[in-house]
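K.L.:
Quick one, protein-v3.cif (mmCIF, C-alpha atoms):
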```cif
data_target
loop_
_atom_site.label_atom_id
_atom_site.label_comp_id
_atom_site.auth_asym_id
_atom_site.auth_seq_id
_atom_site.Cartn_x
_atom_site.Cartn_y
_atom_site.Cartn_z
CA MET A 636 11.02 6.84 20.50
CA ASN A 637 8.61 5.78 23.19
CA SER A 638 4.94 5.63 22.24
CA SER A 639 3.91 7.15 25.55
CA GLY A 640 6.68 9.74 25.69
CA PHE A 641 6.61 13.50 25.24
CA THR A 642 7.84 13.34 21.65
CA PHE A 643 4.74 11.60 20.35
CA ARG A 644 2.45 13.91 22.29
CA ARG A 645 4.15 16.94 20.82
CA VAL A 646 4.10 15.77 17.21
CA ARG A 647 0.47 14.65 17.51
CA GLU A 648 -0.45 18.13 18.72
CA GLU A 649 1.50 19.61 15.80
CA MET A 650 -0.40 17.34 13.40
CA ILE A 651 -3.73 18.64 14.72
CA GLU A 652 -2.51 22.23 14.34
CA THR A 653 -1.57 21.44 10.73
CA LEU A 654 -5.03 20.04 10.04
CA LEU A 655 -6.59 23.22 11.44
CA GLU A 656 -4.35 25.34 9.22
CA LEU A 657 -5.34 23.24 6.19
CA GLY A 658 -9.01 23.95 6.80
CA ILE A 659 -10.37 21.02 8.80
CA LYS A 660 -13.07 22.69 10.86
CA ASP A 661 -15.07 19.88 12.46
CA PHE A 662 -13.72 19.49 15.97
CA ARG A 663 -15.33 16.05 16.22
CA VAL A 664 -12.96 14.89 13.50
CA LEU A 665 -9.95 16.60 15.03
CA ASP A 666 -10.75 15.05 18.41
CA ALA A 667 -11.02 11.55 16.92
CA ILE A 668 -7.75 11.88 15.00
CA SER A 669 -5.99 13.21 18.08
CA GLN A 670 -6.92 10.00 19.91
CA VAL A 671 -5.61 7.57 17.26
CA PRO A 672 -1.85 6.91 17.54
CA ARG A 673 -0.87 6.91 13.85
CA HIS A 674 2.58 5.47 14.47
CA ILE A 675 1.26 2.02 15.39
CA PHE A 676 -0.12 1.65 11.86
CA VAL A 677 3.31 1.86 10.19
CA ASP A 678 6.61 0.05 10.61
CA GLU A 679 8.78 1.23 13.48
CA ALA A 680 11.34 2.54 10.99
CA LEU A 681 8.76 5.16 9.95
CA TRP A 682 7.69 6.23 13.45
CA SER A 683 9.69 9.46 13.26
CA ARG A 684 7.54 10.50 10.26
CA ALA A 685 4.22 9.06 11.41
CA TYR A 686 2.66 12.40 12.35
CA GLU A 687 3.75 14.32 9.28
CA ASN A 688 1.04 15.22 6.80
CA ARG A 689 2.17 12.66 4.24
CA SER A 690 1.19 9.22 3.02
CA LEU A 691 3.51 6.40 4.08
CA THR A 692 4.08 2.91 2.75
CA ILE A 693 2.42 -0.03 4.51
CA GLY A 694 3.75 -2.67 2.12
CA TYR A 695 2.05 -4.49 -0.76
CA LYS A 696 2.34 -1.27 -2.85
CA GLN A 697 -0.24 0.34 -0.56
CA THR A 698 -0.09 3.44 1.61
CA ILE A 699 -1.60 4.92 4.74
CA SER A 700 -3.31 8.14 3.64
CA GLN A 701 -2.00 11.49 4.82
CA PRO A 702 -3.80 12.75 7.94
CA TYR A 703 -5.41 15.62 6.01
CA ILE A 704 -7.13 13.26 3.56
CA VAL A 705 -8.37 11.00 6.38
CA ALA A 706 -9.72 14.06 8.19
CA ARG A 707 -11.23 15.57 5.04
CA MET A 708 -13.04 12.41 3.96
CA THR A 709 -14.35 11.85 7.48
CA GLU A 710 -15.48 15.47 7.72
CA LEU A 711 -17.38 15.19 4.42
CA LEU A 712 -18.97 11.92 5.53
CA ILE A 713 -20.37 13.34 8.79
CA SER A 714 -20.98 16.97 7.78
CA HIS A 715 -24.78 16.58 7.67
CA THR A 716 -24.96 15.21 11.23
CA ASN A 717 -25.20 16.96 14.57
CA GLY A 718 -24.07 15.95 18.01
CA ARG A 719 -21.04 14.14 19.30
CA GLY A 720 -20.22 10.48 19.60
CA LYS A 721 -21.57 7.76 17.36
CA VAL A 722 -23.83 9.62 14.94
CA PHE A 723 -24.29 6.55 12.68
CA GLU A 724 -25.43 2.97 13.19
CA ASP A 725 -23.64 1.34 10.26
CA LEU A 726 -20.82 2.48 7.99
CA LEU A 727 -19.12 0.65 5.14
CA GLU A 728 -15.45 1.18 4.40
CA ILE A 729 -13.85 -0.13 1.21
CA GLY A 730 -10.08 -0.50 1.38
CA SER A 731 -9.13 -0.71 5.04
CA GLY A 732 -5.39 -0.92 4.35
CA CYS A 733 -3.70 -0.98 7.76
CA GLY A 734 -6.85 0.17 9.60
CA TYR A 735 -6.02 3.82 10.32
CA GLN A 736 -9.08 5.31 8.63
CA SER A 737 -11.13 2.49 10.15
CA ALA A 738 -9.99 3.50 13.63
CA VAL A 739 -11.10 7.09 13.00
CA LEU A 740 -14.48 5.93 11.68
CA SER A 741 -14.99 3.82 14.81
CA PHE A 742 -15.60 7.03 16.77
CA PHE A 743 -18.62 7.91 14.64
CA SER A 744 -20.53 4.66 14.11
CA GLU A 745 -21.87 1.87 16.26
CA ARG A 746 -20.56 -0.58 13.66
CA VAL A 747 -18.15 -0.37 10.74
CA ASP A 748 -17.95 -3.06 8.05
CA SER A 749 -14.60 -2.83 6.31
CA ILE A 750 -13.53 -4.71 3.18
CA GLU A 751 -9.91 -5.18 2.09
CA ARG A 752 -8.77 -7.18 -0.95
CA ILE A 753 -5.19 -7.88 0.23
CA LYS A 754 -5.26 -10.69 2.77
CA PRO A 755 -2.17 -9.76 4.85
CA LEU A 756 -3.54 -6.23 5.29
CA VAL A 757 -6.79 -7.63 6.67
CA GLN A 758 -4.78 -9.37 9.38
CA LYS A 759 -2.70 -6.24 9.98
CA SER A 760 -5.86 -4.16 10.41
CA ARG A 761 -7.31 -6.63 12.89
CA GLU A 762 -4.10 -6.64 14.92
CA ASN A 763 -3.83 -2.84 14.94
CA LEU A 764 -7.41 -2.32 16.09
CA ALA A 765 -7.13 -5.08 18.71
CA HIS A 766 -4.05 -3.28 20.05
CA LEU A 767 -6.18 -0.14 20.46
CA LYS A 768 -9.06 -2.17 21.97
CA ILE A 769 -11.43 -0.97 19.24
CA SER A 770 -14.02 -3.69 18.80
CA ASN A 771 -16.82 -2.21 16.67
CA ILE A 772 -15.16 -2.87 13.30
CA LEU A 773 -15.62 -6.05 11.26
CA PHE A 774 -12.78 -6.55 8.78
CA LYS A 775 -13.58 -8.75 5.81
CA TYR A 776 -11.25 -10.18 3.19
CA GLY A 777 -13.07 -9.49 -0.04
CA ASP A 778 -13.61 -7.67 -3.32
CA GLY A 779 -14.77 -4.09 -2.75
CA TYR A 780 -16.82 -4.19 -5.93
CA GLN A 781 -19.10 -6.96 -4.77
CA ASP A 782 -18.36 -8.64 -1.43
CA TRP A 783 -20.53 -6.45 0.76
CA ASP A 784 -23.72 -7.48 2.52
CA LYS A 785 -26.35 -6.91 -0.16
CA ASP A 786 -29.19 -7.03 2.39
CA LYS A 787 -27.80 -4.22 4.51
CA LYS A 788 -28.32 -0.47 4.21
CA TYR A 789 -25.61 1.90 5.41
CA ASP A 790 -25.59 5.41 6.88
CA GLY A 791 -22.49 6.15 4.83
CA ILE A 792 -19.76 4.60 2.70
CA LEU A 793 -16.13 5.68 2.55
CA CYS A 794 -13.85 4.28 -0.14
CA ALA A 795 -10.06 4.53 0.19
CA ALA A 796 -9.17 3.47 -3.36
CA ALA A 797 -9.99 5.13 -6.66
CA PRO A 798 -12.16 3.56 -9.38
CA ARG A 799 -12.25 5.30 -12.76
CA ALA A 800 -15.97 5.84 -12.19
CA TYR A 801 -17.77 5.23 -8.95
CA PRO A 802 -19.64 1.88 -8.77
CA HIS A 803 -23.34 2.73 -8.94
CA ASP A 804 -24.13 -0.50 -7.09
CA LEU A 805 -22.80 1.20 -3.96
CA ILE A 806 -25.62 3.74 -4.08
CA ASP A 807 -28.11 0.91 -3.60
CA LEU A 808 -26.44 0.16 -0.24
CA LEU A 809 -27.10 3.64 1.12
CA LYS A 810 -30.01 4.69 3.25
CA ASN A 811 -31.78 7.88 2.18
CA ASP A 812 -29.84 11.03 3.14
CA ALA A 813 -26.60 9.04 3.28
CA LYS A 814 -23.33 9.70 1.46
CA LEU A 815 -20.67 7.87 -0.51
CA VAL A 816 -17.26 9.57 -0.18
CA ILE A 817 -14.92 8.26 -2.86
CA PRO A 818 -11.91 9.31 -4.96
CA VAL A 819 -12.62 8.92 -8.69
CA GLY A 820 -10.31 8.93 -11.70
CA GLY A 821 -7.14 7.53 -13.21
CA SER A 822 -3.92 9.54 -13.35
CA GLU A 823 -5.98 12.58 -12.29
CA GLN A 824 -8.43 12.01 -9.44
CA LYS A 825 -11.05 14.09 -7.65
CA LEU A 826 -12.63 13.49 -4.29
CA ASN A 827 -16.34 12.93 -4.89
CA VAL A 828 -19.33 12.98 -2.54
CA ILE A 829 -22.49 11.30 -3.77
CA LEU A 830 -25.59 11.96 -1.67
CA LYS A 831 -28.58 9.65 -1.92
CA ALA A 832 -31.28 12.22 -1.19
CA LYS A 833 -34.15 9.85 -2.05
CA GLU A 834 -34.50 6.49 -3.77
CA ASP A 835 -34.49 8.17 -7.18
CA GLU A 836 -32.55 11.36 -6.42
CA ILE A 837 -28.75 11.42 -6.42
CA LYS A 838 -26.66 14.54 -5.88
CA GLU A 839 -22.98 14.54 -6.84
CA GLN A 840 -20.29 17.02 -5.89
CA GLU A 841 -16.59 17.15 -6.70
CA TYR A 842 -13.98 18.41 -4.27
CA GLU A 843 -10.20 18.65 -4.34
CA ASP A 844 -7.58 16.74 -6.30
CA VAL A 845 -6.42 13.55 -4.58
CA SER A 846 -4.08 10.66 -5.28
CA PHE A 847 -5.15 7.15 -4.26
CA VAL A 848 -4.17 3.66 -5.29
CA PRO A 849 -6.55 2.28 -7.95
CA MET A 850 -9.60 0.32 -6.85
CA LEU A 851 -9.04 -3.18 -8.21
CA ALA A 852 -11.46 -6.05 -8.56
CA GLY A 853 -10.85 -9.47 -7.08
CA LYS A 854 -8.89 -10.60 -4.03
CA SER A 855 -5.17 -11.11 -3.43
CA ASP A 856 -3.62 -13.64 -1.05
CA ASP A 857 -0.26 -11.86 -1.03
CA GLY A 858 -0.64 -8.49 -2.75
CA ASN A 859 1.68 -9.41 -5.58
CA ASP A 860 -0.92 -8.77 -8.27
CA VAL A 861 -1.16 -5.06 -7.49
#
```
What is this file in structure tokens?
P.N.:
Amino acid sequence: MNSSGFTFRRVREEMIETLLELGIKDFRVLDAISQVPRHIFVDEALWSRAYENRSLTIGYKQTISQPYIVARMTELLISHTNGRGKVFEDLLEIGSGCGYQSAVLSFFSERVDSIERIKPLVQKSRENLAHLKISNILFKYGDGYQDWDKDKKYDGILCAAAPRAYPHDLIDLLKNDAKLVIPVGGSEQKLNVILKAKEDEIKEQEYEDVSFVPMLAGKSDDGNDV
């Protein structure tokens, strides 16, 4: 299957049609996802399934999220903004995995700081984004609970792993009128959006059921502790 051939174009168009049918309404999100070739983020053996609305393994007991979840989380993150292009200056992503969600976020922010606790996945993300010539993402090998820049304020935070309760320290990293989009829970998880309306005013809202890998503390050189 050739990455530039008709087959990929067709299945990518079908993926966008599926996202529309599932309720993704923000055409900025659909446009960004249509421009990111999902197949390069998975092993070649999975290319025939790369544009299906399903999660796929990326090794180290981790997965690339289904396109709907990537679209939904991105849509929730940017829903309060207007205009096209880079509507944010700085975003923080926790759990970059193979870099697919990172690539989508790159369309909406001047800079994206992305933290991943599994070292080989950090390298995989860097390689994937270099292949796409996306250069506004900084991938960091670190613990998503603490290894962020504590002196920086973000226009939004997206977390691609599920803690049992969202880390309140993350709220301190947000600018006013910025959001944290994060799955929360154990065996049953909900997608949460936490809006920092003012320094002392937090608004929380729950959305649909989701299923993410757990958010773990610490770092892993090889992923074998997952």
K.L.:
If we count all atoms listed in the file, what is near His715 in chain A at a cut-off of 10 Å, once residues fewer than 5 positions away on the same chain are taken out, given as a list in words?
P.N.:
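After dropping sequence-adjacent residues, the list is Glu710, Asp812, Ala813 and Lys814 of chain A.
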K.L.:
Smallest atom-to-atom distance to Ser731 in chain A: which of A:Asp782, A:Glu834, A:Glu751, A:Asp666, using all atoms listed in the file?
P.N.:
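Between A:Asp782, A:Glu834, A:Glu751, A:Asp666, the residue approaching Ser731 in chain A most closely is A:Glu751.
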K.L.:
Please report the interatomic distance between CA of Leu726 in chain A and CA of Val828 in chain A in Å with one decimal.
P.N.:
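Interatomic distance here is 14.9 Å.
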K.L.:
Quick check on the file I pasted: which residues fall under the PyMOL selection byres ((chain A and resi 796-810) around 7)? Write them as a count of residues only.
P.N.:
21
K.L.:
Take the PyMOL selection byres ((chain A and resi 767) around 10), run it mentally on this structure, and tell me the resulting residues as a ChimeraX atom specification.
P.N.:
/A:671-672,675,738,762-766,768-770
K.L.:
Write the residues of the selection above to a file with C-alpha atoms, as a short mmCIF file (atom, residue, chain, number, x, y, z; two decimals), keeping the file's coordinate frame.
P.N.:
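New file part06.cif:
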```cif
data_model
loop_
_atom_site.label_atom_id
_atom_site.label_comp_id
_atom_site.auth_asym_id
_atom_site.auth_seq_id
_atom_site.Cartn_x
_atom_site.Cartn_y
_atom_site.Cartn_z
CA VAL A 671 -5.61 7.57 17.26
CA PRO A 672 -1.85 6.91 17.54
CA ILE A 675 1.26 2.02 15.39
CA ALA A 738 -9.99 3.50 13.63
CA GLU A 762 -4.10 -6.64 14.92
CA ASN A 763 -3.83 -2.84 14.94
CA LEU A 764 -7.41 -2.32 16.09
CA ALA A 765 -7.13 -5.08 18.71
CA HIS A 766 -4.05 -3.28 20.05
CA LYS A 768 -9.06 -2.17 21.97
CA ILE A 769 -11.43 -0.97 19.24
CA SER A 770 -14.02 -3.69 18.80
#
```
K.L.:
I'd like to know which of A:Val757, A:Ile699, A:Ala667, A:Leu826 is closest to Leu681 in chain A, using all atoms listed in the file.
P.N.:
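Comparing A:Val757, A:Ile699, A:Ala667, A:Leu826 against Leu681 in chain A, the winner is A:Ile699.
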